[in-house]
$ cat model10.tsv   # TSV, C-alpha atoms
chain	number	residue	atom	x	y	z
A	1	MET	CA	-0.38	-10.89	-10.16
A	2	PHE	CA	1.54	-11.49	-6.93
A	3	LYS	CA	4.01	-13.92	-8.51
A	4	ARG	CA	7.29	-12.13	-7.86
A	5	ILE	CA	7.41	-10.17	-4.61
A	6	LEU	CA	9.95	-7.48	-3.77
A	7	TYR	CA	10.46	-7.37	-0.02
A	8	PRO	CA	12.71	-4.49	1.02
A	9	THR	CA	13.63	-4.81	4.67
A	10	ASP	CA	15.71	-2.90	7.20
A	11	PHE	CA	15.04	-5.72	9.73
A	12	SER	CA	12.69	-3.49	11.75
A	13	ASP	CA	9.72	-4.91	13.66
A	14	VAL	CA	7.21	-3.64	11.10
A	15	SER	CA	9.10	-5.16	8.21
A	16	LYS	CA	9.19	-8.47	10.09
A	17	LYS	CA	5.42	-8.27	10.42
A	18	ALA	CA	5.30	-7.93	6.63
A	19	LEU	CA	6.78	-11.43	6.29
A	20	ASP	CA	3.55	-13.00	7.56
A	21	TYR	CA	1.60	-11.27	4.82
A	22	ILE	CA	4.06	-12.45	2.21
A	23	LYS	CA	3.50	-16.02	3.35
A	24	GLN	CA	-0.24	-15.53	2.97
A	25	LEU	CA	0.27	-14.33	-0.61
A	26	LYS	CA	1.64	-17.80	-1.40
A	27	GLU	CA	-1.95	-18.99	-1.75
A	28	GLY	CA	-2.63	-16.00	-4.00
A	29	GLY	CA	-0.05	-17.22	-6.51
A	30	ALA	CA	3.23	-15.83	-5.13
A	31	LYS	CA	6.25	-17.92	-6.12
A	32	GLU	CA	9.41	-15.92	-5.57
A	33	VAL	CA	10.58	-13.32	-3.06
A	34	ILE	CA	13.40	-10.89	-3.72
A	35	VAL	CA	14.65	-9.97	-0.23
A	36	LEU	CA	16.40	-6.61	-0.48
A	37	HIS	CA	18.42	-4.89	2.18
A	38	VAL	CA	20.02	-1.56	1.34
A	39	ILE	CA	22.92	-0.51	3.54
A	40	ASP	CA	22.53	3.25	3.74
A	41	GLU	CA	25.73	4.73	2.31
A	42	ARG	CA	25.05	7.95	4.22
A	43	GLU	CA	25.25	6.05	7.51
A	44	ILE	CA	28.53	4.50	6.45
A	45	GLU	CA	29.84	7.93	5.49
A	46	SER	CA	28.89	9.40	8.84
A	47	ILE	CA	30.72	6.55	10.57
A	48	HIS	CA	33.71	7.36	8.37
A	49	ARG	CA	33.54	11.02	9.32
A	50	ALA	CA	33.20	10.20	13.01
A	51	SER	CA	35.97	7.65	13.11
A	52	ALA	CA	39.57	8.63	13.66
A	53	TYR	CA	41.11	5.34	12.54
A	54	VAL	CA	40.91	3.94	9.04
A	55	SER	CA	41.08	0.38	10.29
A	56	TYR	CA	38.09	0.98	12.54
A	57	GLU	CA	35.90	2.31	9.68
A	58	LYS	CA	36.47	-0.75	7.59
A	59	GLU	CA	35.75	-2.96	10.54
A	60	VAL	CA	32.38	-1.27	11.14
A	61	GLU	CA	31.37	-1.59	7.51
A	62	LYS	CA	32.31	-5.27	7.60
A	63	ILE	CA	30.23	-5.82	10.75
A	64	ILE	CA	27.21	-4.07	9.16
A	65	LYS	CA	27.52	-6.24	6.07
A	66	GLU	CA	27.91	-9.44	8.03
A	67	ASN	CA	24.89	-8.56	10.13
A	68	ALA	CA	22.86	-7.96	6.95
A	69	GLU	CA	23.95	-11.33	5.58
A	70	GLU	CA	23.00	-13.07	8.78
A	71	GLN	CA	19.57	-11.43	8.99
A	72	THR	CA	18.71	-11.96	5.33
A	73	GLY	CA	19.87	-15.56	5.74
A	74	LEU	CA	17.29	-16.10	8.48
A	75	ILE	CA	14.56	-14.58	6.29
A	76	GLU	CA	15.64	-16.76	3.38
A	77	ALA	CA	15.37	-19.90	5.51
A	78	GLU	CA	11.93	-18.89	6.75
A	79	LEU	CA	10.60	-18.17	3.26
A	80	LYS	CA	12.08	-21.34	1.78
A	81	LYS	CA	10.34	-23.33	4.50
A	82	SER	CA	7.10	-21.78	3.22
A	83	GLY	CA	7.90	-23.00	-0.29
A	84	PHE	CA	9.14	-19.79	-1.90
A	85	ASP	CA	12.03	-19.35	-4.26
A	86	VAL	CA	14.23	-16.71	-2.65
A	87	LYS	CA	16.77	-14.27	-4.00
A	88	ILE	CA	18.83	-12.17	-1.59
A	89	ARG	CA	20.18	-8.79	-2.61
A	90	ILE	CA	22.32	-6.67	-0.31
A	91	GLU	CA	23.05	-3.30	-1.83
A	92	LYS	CA	24.88	-0.21	-0.64
A	93	GLY	CA	23.23	3.06	-1.56
A	94	ILE	CA	20.28	5.31	-0.79
A	95	PRO	CA	17.47	2.98	0.36
A	96	PHE	CA	14.45	4.40	-1.53
A	97	ARG	CA	16.43	4.86	-4.75
A	98	ASP	CA	17.82	1.36	-4.71
A	99	ILE	CA	14.45	-0.14	-3.89
A	100	LEU	CA	13.00	1.58	-6.98
A	101	ARG	CA	15.99	0.48	-9.07
A	102	VAL	CA	15.61	-3.15	-7.99
A	103	GLU	CA	11.84	-2.97	-8.61
A	104	LYS	CA	12.67	-2.32	-12.27
A	105	GLU	CA	15.65	-4.66	-12.56
A	106	GLU	CA	13.80	-7.62	-11.13
A	107	ALA	CA	10.47	-6.88	-12.87
A	108	VAL	CA	8.57	-7.65	-9.70
A	109	SER	CA	4.76	-8.07	-9.49
A	110	VAL	CA	4.22	-6.40	-6.14
A	111	ILE	CA	6.20	-4.72	-3.35
A	112	VAL	CA	5.52	-5.53	0.31
A	113	VAL	CA	6.83	-2.90	2.75
A	114	GLY	CA	6.42	-1.94	6.38
A	115	SER	CA	5.00	1.51	6.97
A	116	HIS	CA	7.96	2.39	9.18
A	117	GLY	CA	11.61	1.52	9.31
A	118	LYS	CA	13.96	1.30	12.24
A	119	SER	CA	13.62	5.00	13.06
A	120	ASN	CA	10.01	4.40	14.05
A	121	ILE	CA	9.05	7.90	15.17
A	122	GLU	CA	5.80	7.91	17.14
A	123	GLU	CA	4.41	11.07	15.51
A	124	MET	CA	5.01	10.01	11.94
A	125	PHE	CA	2.20	8.21	10.14
A	126	LEU	CA	4.56	6.93	7.49
A	127	GLY	CA	8.32	6.47	7.40
A	128	SER	CA	10.17	8.52	4.81
A	129	VAL	CA	11.58	5.58	2.84
A	130	SER	CA	8.18	3.87	2.66
A	131	GLU	CA	6.52	7.12	1.64
A	132	LYS	CA	8.91	7.69	-1.25
A	133	VAL	CA	8.59	4.08	-2.41
A	134	ILE	CA	4.76	4.23	-2.30
A	135	ARG	CA	4.77	7.48	-4.28
A	136	LYS	CA	7.23	6.53	-6.96
A	137	CYS	CA	7.02	2.79	-7.48
A	138	LYS	CA	5.33	1.45	-10.58
A	139	ARG	CA	3.92	-1.81	-9.24
A	140	PRO	CA	1.24	-2.31	-6.58
A	141	VAL	CA	2.51	-1.96	-3.05
A	142	LEU	CA	1.18	-3.66	0.07
A	143	VAL	CA	1.88	-1.46	3.07
A	144	ILE	CA	1.92	-3.21	6.45
A	145	LYS	CA	1.20	-0.83	9.34
A	146	ARG	CA	3.00	-0.89	12.68
B	147	MET	CA	-5.22	-12.11	6.92
B	148	PHE	CA	-6.99	-10.92	3.77
B	149	LYS	CA	-10.40	-12.28	4.81
B	150	ARG	CA	-12.47	-9.11	4.87
B	151	ILE	CA	-11.47	-6.54	2.26
B	152	LEU	CA	-12.44	-2.88	2.30
B	153	TYR	CA	-12.62	-1.59	-1.25
B	154	PRO	CA	-13.24	2.17	-1.36
B	155	THR	CA	-14.00	3.26	-4.90
B	156	ASP	CA	-14.84	6.47	-6.71
B	157	PHE	CA	-15.35	4.42	-9.92
B	158	SER	CA	-12.14	5.78	-11.45
B	159	ASP	CA	-10.01	3.73	-13.85
B	160	VAL	CA	-7.36	3.02	-11.21
B	161	SER	CA	-9.91	1.82	-8.71
B	162	LYS	CA	-11.38	-0.49	-11.37
B	163	LYS	CA	-7.90	-1.93	-11.87
B	164	ALA	CA	-7.87	-2.67	-8.12
B	165	LEU	CA	-10.79	-5.08	-8.61
B	166	ASP	CA	-8.55	-7.54	-10.46
B	167	TYR	CA	-6.20	-7.66	-7.49
B	168	ILE	CA	-9.08	-8.23	-5.11
B	169	LYS	CA	-10.14	-11.23	-7.18
B	170	GLN	CA	-6.61	-12.59	-6.92
B	171	LEU	CA	-6.74	-12.28	-3.12
B	172	LYS	CA	-9.59	-14.82	-3.17
B	173	GLU	CA	-6.94	-17.55	-3.38
B	174	GLY	CA	-5.14	-15.89	-0.48
B	175	GLY	CA	-8.15	-16.40	1.80
B	176	ALA	CA	-10.35	-13.39	1.04
B	177	LYS	CA	-14.04	-14.08	1.65
B	178	GLU	CA	-15.93	-10.79	1.84
B	179	VAL	CA	-15.62	-7.41	0.16
B	180	ILE	CA	-17.06	-4.21	1.60
B	181	VAL	CA	-17.53	-1.97	-1.43
B	182	LEU	CA	-17.59	1.62	-0.22
B	183	HIS	CA	-18.45	4.70	-2.21
B	184	VAL	CA	-18.41	8.04	-0.43
B	185	ILE	CA	-20.39	10.82	-2.09
B	186	ASP	CA	-18.33	13.90	-1.33
B	187	GLU	CA	-20.61	16.24	0.63
B	188	ARG	CA	-18.43	19.18	-0.41
B	189	GLU	CA	-19.27	18.50	-4.06
B	190	ILE	CA	-22.96	18.38	-3.22
B	191	GLU	CA	-22.64	21.66	-1.33
B	192	SER	CA	-20.92	23.34	-4.24
B	193	ILE	CA	-23.73	22.20	-6.52
B	194	HIS	CA	-26.15	23.67	-4.00
B	195	ARG	CA	-24.30	26.96	-3.96
B	196	ALA	CA	-24.13	27.09	-7.76
B	197	SER	CA	-27.74	26.19	-8.37
B	198	ALA	CA	-30.49	28.79	-8.37
B	199	TYR	CA	-33.42	26.37	-8.05
B	200	VAL	CA	-34.07	24.17	-5.03
B	201	SER	CA	-35.77	21.53	-7.13
B	202	TYR	CA	-32.73	21.26	-9.37
B	203	GLU	CA	-30.33	20.72	-6.45
B	204	LYS	CA	-32.33	17.79	-5.16
B	205	GLU	CA	-32.51	16.32	-8.63
B	206	VAL	CA	-28.72	16.42	-9.00
B	207	GLU	CA	-28.16	14.75	-5.63
B	208	LYS	CA	-30.67	12.04	-6.60
B	209	ILE	CA	-28.87	11.45	-9.91
B	210	ILE	CA	-25.50	11.18	-8.14
B	211	LYS	CA	-26.93	8.66	-5.69
B	212	GLU	CA	-28.62	6.60	-8.40
B	213	ASN	CA	-25.42	6.54	-10.40
B	214	ALA	CA	-23.52	5.32	-7.31
B	215	GLU	CA	-26.10	2.58	-6.78
B	216	GLU	CA	-25.85	1.48	-10.38
B	217	GLN	CA	-22.04	1.40	-10.37
B	218	THR	CA	-21.73	-0.40	-7.04
B	219	GLY	CA	-24.38	-2.85	-8.30
B	220	LEU	CA	-22.14	-3.76	-11.25
B	221	ILE	CA	-19.16	-4.25	-8.93
B	222	GLU	CA	-21.28	-6.38	-6.60
B	223	ALA	CA	-22.34	-8.65	-9.48
B	224	GLU	CA	-18.74	-9.01	-10.65
B	225	LEU	CA	-17.44	-9.89	-7.17
B	226	LYS	CA	-20.29	-12.31	-6.48
B	227	LYS	CA	-19.50	-14.09	-9.72
B	228	SER	CA	-15.97	-14.58	-8.31
B	229	GLY	CA	-17.45	-16.16	-5.18
B	230	PHE	CA	-17.19	-13.26	-2.72
B	231	ASP	CA	-19.72	-12.20	-0.13
B	232	VAL	CA	-20.37	-8.53	-0.87
B	233	LYS	CA	-21.61	-5.65	1.22
B	234	ILE	CA	-22.33	-2.31	-0.43
B	235	ARG	CA	-22.06	0.92	1.52
B	236	ILE	CA	-22.87	4.29	-0.03
B	237	GLU	CA	-22.10	7.09	2.38
B	238	LYS	CA	-22.27	10.86	2.13
B	239	GLY	CA	-19.38	12.69	3.78
B	240	ILE	CA	-15.69	13.47	3.41
B	241	PRO	CA	-14.15	10.52	1.52
B	242	PHE	CA	-10.95	9.88	3.50
B	243	ARG	CA	-12.71	10.33	6.86
B	244	ASP	CA	-15.52	7.98	6.01
B	245	ILE	CA	-13.14	5.39	4.60
B	246	LEU	CA	-11.28	5.42	7.94
B	247	ARG	CA	-14.57	5.28	9.86
B	248	VAL	CA	-15.80	2.28	7.85
B	249	GLU	CA	-12.40	0.59	8.26
B	250	LYS	CA	-13.09	0.58	12.02
B	251	GLU	CA	-16.81	-0.17	11.88
B	252	GLU	CA	-16.40	-3.16	9.62
B	253	ALA	CA	-13.22	-4.47	11.28
B	254	VAL	CA	-11.67	-5.17	7.89
B	255	SER	CA	-8.48	-7.20	7.34
B	256	VAL	CA	-7.02	-5.15	4.51
B	257	ILE	CA	-7.84	-2.10	2.37
B	258	VAL	CA	-7.38	-2.15	-1.40
B	259	VAL	CA	-7.20	1.31	-3.00
B	260	GLY	CA	-6.20	2.88	-6.27
B	261	SER	CA	-3.32	5.36	-6.04
B	262	HIS	CA	-5.43	8.01	-7.75
B	263	GLY	CA	-9.08	8.94	-7.87
B	264	LYS	CA	-11.09	10.57	-10.61
B	265	SER	CA	-9.07	13.79	-10.45
B	266	ASN	CA	-6.06	11.91	-11.80
B	267	ILE	CA	-3.54	14.75	-12.02
B	268	GLU	CA	-0.52	13.80	-14.12
B	269	GLU	CA	2.04	15.46	-11.84
B	270	MET	CA	0.82	13.90	-8.62
B	271	PHE	CA	2.39	10.64	-7.54
B	272	LEU	CA	-0.46	9.91	-5.16
B	273	GLY	CA	-4.03	11.20	-4.95
B	274	SER	CA	-4.90	13.12	-1.80
B	275	VAL	CA	-7.60	10.72	-0.57
B	276	SER	CA	-5.35	7.68	-1.06
B	277	GLU	CA	-2.47	9.45	0.65
B	278	LYS	CA	-4.54	10.27	3.73
B	279	VAL	CA	-5.92	6.74	3.90
B	280	ILE	CA	-2.45	5.17	3.59
B	281	ARG	CA	-1.12	7.44	6.34
B	282	LYS	CA	-3.91	7.04	8.83
B	283	CYS	CA	-5.44	3.62	8.35
B	284	LYS	CA	-4.74	0.89	10.89
B	285	ARG	CA	-4.88	-2.16	8.67
B	286	PRO	CA	-2.54	-3.12	5.82
B	287	VAL	CA	-3.29	-1.34	2.57
B	288	LEU	CA	-2.68	-2.58	-0.95
B	289	VAL	CA	-2.12	0.40	-3.24
B	290	ILE	CA	-2.74	-0.20	-6.95
B	291	LYS	CA	-0.85	2.24	-9.16
B	292	ARG	CA	-2.26	3.86	-12.28
$ encode --input "model10.tsv" --output "structure tokens"
Amino acid sequence: MFKRILYPTDFSDVSKKALDYIKQLKEGGAKEVIVLHVIDEREIESIHRASAYVSYEKEVEKIIKENAEEQTGLIEAELKKSGFDVKIRIEKGIPFRDILRVEKEEAVSVIVVGSHGKSNIEEMFLGSVSEKVIRKCKRPVLVIKR
Amino acid sequence: MFKRILYPTDFSDVSKKALDYIKQLKEGGAKEVIVLHVIDEREIESIHRASAYVSYEKEVEKIIKENAEEQTGLIEAELKKSGFDVKIRIEKGIPFRDILRVEKEEAVSVIVVGSHGKSNIEEMFLGSVSEKVIRKCKRPVLVIKR
């Protein structure tokens, strides 16, 4: 029922908090965690538009990707230490869409998300990516609040 | 982390499905379930407005309450069989408000809700009570989809 967890993360504080809950689900039968980070292609595009030098654009995209690899690597190590099988997926796209796509592709049992992403706006009760995922996903979703 | 579960239910199919997930959380450290049913005072009022006889109004409210007691009784028996401590609360009020009030009063660890209530409208991705609870609750919330 909680066997295969999809854990989409943008490396925000709330999504880090979600990791502790994932570990607790181990006792509830969780075996594998798909750690998913979606690099927002719209952010990359806006960097492209803002940058005057082609070489600079590519450099930024490379740095973003390397950072994602480093951060997911740390999560992988932490989850493996807790006895999970771990699969890392770094995608480039529109976060909520790719989360829903990977939900299907990986046939997950449950999704664990933070209520807010990096743009943690005080007035908002729910981040926009989380909201769309909660609305449209097919599997149960555990929402960790900030 | 999942020790004390708040389970708000309107006895809909989706909220019954949520029971299976609660049972699974037993292995994840869950000990007690607060089963909460809120009788919507607005429904009672509309019955009052529609009814011509005072005696009839009271009868309807009594039937609704007895039905809630019977249904929560069945849930209690099922959860006790799975080894949970169970507390039943039947409240009269506005569902989402009372769910949030009980969340605080009972200092729960997690809320488990169905994505839709009895008015399970095909086009809606999320029922209005569930949506308000997900937005405003303080604790993590596990949303079971229809």
$ interface_residues --input "model10.tsv" --of "chain A" --to "chain B" --cutoff "8 Å" --atoms "all atoms listed in the file" --output "PyMOL selection string"
chain A and resi 1+21+24-29+125-126+134-136+138-145
$ residues_around --input "model10.tsv" --residues "A:Leu79" --least-positions-apart "4" --cutoff "10 Å" --atoms "only C-alpha atoms" --output "JSON, numbers by chain"
{"A": [19, 20, 22, 23, 32, 33, 35, 73, 74, 75, 83, 84, 85, 86]}
$ atom_distance --input "model10.tsv" --atom1 "atom CA of A:Glu103" --atom2 "atom CA of A:Leu36"
10.0 Å
$ atom_distance --input "model10.tsv" --atom1 "atom CA of A:Glu78" --atom2 "atom CA of A:His37"
16.1 Å
$ atom_distance --input "model10.tsv" --atom1 "atom CA of B:Ile245" --atom2 "atom CA of B:Ile210"
18.7 Å
$ closest_residue --input "model10.tsv" --among "A:Ser130, A:Ser15, A:Ser82, A:Ser51" --to "A:Leu100" --atoms "only C-alpha atoms"
A:Ser130
$ residues_around --input "model10.tsv" --residues "B:Lys211" --least-positions-apart "4" --cutoff "12 Å" --atoms "all atoms listed in the file" --output "PDB file with C-alpha atoms, in the coordinates of the input"
ATOM      1  CA  HIS B 183     -18.450   4.700  -2.210  1.00  0.00           C
ATOM      2  CA  VAL B 184     -18.410   8.040  -0.430  1.00  0.00           C
ATOM      3  CA  ILE B 185     -20.390  10.820  -2.090  1.00  0.00           C
ATOM      4  CA  ASP B 186     -18.330  13.900  -1.330  1.00  0.00           C
ATOM      5  CA  GLU B 187     -20.610  16.240   0.630  1.00  0.00           C
ATOM      6  CA  ILE B 190     -22.960  18.380  -3.220  1.00  0.00           C
ATOM      7  CA  LYS B 204     -32.330  17.790  -5.160  1.00  0.00           C
ATOM      8  CA  GLU B 205     -32.510  16.320  -8.630  1.00  0.00           C
ATOM      9  CA  VAL B 206     -28.720  16.420  -9.000  1.00  0.00           C
ATOM     10  CA  GLU B 207     -28.160  14.750  -5.630  1.00  0.00           C
ATOM     11  CA  GLU B 215     -26.100   2.580  -6.780  1.00  0.00           C
ATOM     12  CA  GLU B 216     -25.850   1.480 -10.380  1.00  0.00           C
ATOM     13  CA  GLN B 217     -22.040   1.400 -10.370  1.00  0.00           C
ATOM     14  CA  THR B 218     -21.730  -0.400  -7.040  1.00  0.00           C
ATOM     15  CA  ARG B 235     -22.060   0.920   1.520  1.00  0.00           C
ATOM     16  CA  ILE B 236     -22.870   4.290  -0.030  1.00  0.00           C
ATOM     17  CA  GLU B 237     -22.100   7.090   2.380  1.00  0.00           C
ATOM     18  CA  LYS B 238     -22.270  10.860   2.130  1.00  0.00           C
TER      19      LYS B 238
END
$ residues_around --input "model10.tsv" --residues "B:Glu203" --least-positions-apart "4" --cutoff "12 Å" --atoms "all atoms listed in the file" --output "list in words"
Glu189, Ile190, Glu191, Ser192, Ile193, His194, Arg195, Ala196, Ser197, Ala198, Tyr199, Glu207, Lys208, Ile209 and Ile210 of chain B
$ axis_aligned_box --input "model10.tsv" --around "stretch 184-192 of chain B" --padding-each-side "8 Å" --output "JSON"
{"center_x": -20.6, "center_y": 15.7, "center_z": -1.8, "size_x": 20.6, "size_y": 31.3, "size_z": 20.9}
$ decode --input "model10.tsv" --residues "stretch 170-237 of chain B" --atoms "C-alpha atoms" --output "mmCIF file, in the first residue's frame"
data_model
loop_
_atom_site.group_PDB
_atom_site.id
_atom_site.type_symbol
_atom_site.label_atom_id
_atom_site.label_comp_id
_atom_site.auth_asym_id
_atom_site.auth_seq_id
_atom_site.Cartn_x
_atom_site.Cartn_y
_atom_site.Cartn_z
ATOM 1 C CA GLN B 170 -1.549 -0.014 7.056
ATOM 2 C CA LEU B 171 -0.214 2.887 9.141
ATOM 3 C CA LYS B 172 -0.457 0.600 12.185
ATOM 4 C CA GLU B 173 2.888 -0.886 11.150
ATOM 5 C CA GLY B 174 4.242 2.647 10.791
ATOM 6 C CA GLY B 175 3.597 3.356 14.475
ATOM 7 C CA ALA B 176 -0.058 4.429 14.539
ATOM 8 C CA LYS B 177 -1.741 3.700 17.879
ATOM 9 C CA GLU B 178 -4.959 5.689 18.127
ATOM 10 C CA VAL B 179 -7.624 6.833 15.684
ATOM 11 C CA ILE B 180 -9.960 9.739 16.336
ATOM 12 C CA VAL B 181 -12.985 8.991 14.157
ATOM 13 C CA LEU B 182 -14.777 12.266 13.504
ATOM 14 C CA HIS B 183 -18.134 12.755 11.871
ATOM 15 C CA VAL B 184 -19.468 16.284 11.558
ATOM 16 C CA ILE B 185 -23.218 16.591 11.043
ATOM 17 C CA ASP B 186 -23.524 19.604 8.774
ATOM 18 C CA GLU B 187 -25.636 22.154 10.657
ATOM 19 C CA ARG B 188 -26.538 23.796 7.353
ATOM 20 C CA GLU B 189 -28.209 20.576 6.208
ATOM 21 C CA ILE B 190 -30.153 20.390 9.450
ATOM 22 C CA GLU B 191 -31.217 24.009 9.014
ATOM 23 C CA SER B 192 -32.419 23.396 5.494
ATOM 24 C CA ILE B 193 -34.481 20.466 6.739
ATOM 25 C CA HIS B 194 -35.899 22.798 9.373
ATOM 26 C CA ARG B 195 -36.778 25.390 6.777
ATOM 27 C CA ALA B 196 -38.367 22.794 4.496
ATOM 28 C CA SER B 197 -40.391 21.070 7.174
ATOM 29 C CA ALA B 198 -43.812 22.299 8.223
ATOM 30 C CA TYR B 199 -44.021 20.340 11.488
ATOM 31 C CA VAL B 200 -41.757 20.900 14.478
ATOM 32 C CA SER B 201 -42.080 17.288 15.580
ATOM 33 C CA TYR B 202 -40.899 16.086 12.183
ATOM 34 C CA GLU B 203 -37.762 18.268 12.234
ATOM 35 C CA LYS B 204 -36.645 16.830 15.539
ATOM 36 C CA GLU B 205 -37.315 13.333 14.311
ATOM 37 C CA VAL B 206 -35.084 13.851 11.259
ATOM 38 C CA GLU B 207 -32.233 15.236 13.351
ATOM 39 C CA LYS B 208 -32.548 12.252 15.698
ATOM 40 C CA ILE B 209 -32.426 9.820 12.755
ATOM 41 C CA ILE B 210 -29.322 11.543 11.343
ATOM 42 C CA LYS B 211 -27.606 11.334 14.719
ATOM 43 C CA GLU B 212 -28.547 7.682 15.250
ATOM 44 C CA ASN B 213 -27.295 6.826 11.793
ATOM 45 C CA ALA B 214 -23.974 8.570 12.559
ATOM 46 C CA GLU B 215 -23.674 6.609 15.802
ATOM 47 C CA GLU B 216 -24.358 3.349 14.039
ATOM 48 C CA GLN B 217 -21.841 4.017 11.254
ATOM 49 C CA THR B 218 -19.076 5.247 13.560
ATOM 50 C CA GLY B 219 -19.780 2.194 15.752
ATOM 51 C CA LEU B 220 -19.015 -0.101 12.806
ATOM 52 C CA ILE B 221 -15.788 1.795 12.070
ATOM 53 C CA GLU B 222 -14.813 1.614 15.743
ATOM 54 C CA ALA B 223 -15.283 -2.170 15.797
ATOM 55 C CA GLU B 224 -13.234 -2.560 12.613
ATOM 56 C CA LEU B 225 -10.356 -0.424 13.916
ATOM 57 C CA LYS B 226 -10.361 -2.098 17.330
ATOM 58 C CA LYS B 227 -10.106 -5.464 15.616
ATOM 59 C CA SER B 228 -6.924 -4.119 13.975
ATOM 60 C CA GLY B 229 -5.538 -3.228 17.400
ATOM 61 C CA PHE B 230 -6.157 0.536 17.478
ATOM 62 C CA ASP B 231 -7.355 2.621 20.377
ATOM 63 C CA VAL B 232 -10.410 4.435 19.056
ATOM 64 C CA LYS B 233 -12.153 7.632 20.043
ATOM 65 C CA ILE B 234 -15.432 8.571 18.395
ATOM 66 C CA ARG B 235 -16.483 12.189 18.044
ATOM 67 C CA ILE B 236 -19.797 13.199 16.513
ATOM 68 C CA GLU B 237 -20.052 16.954 16.203
#
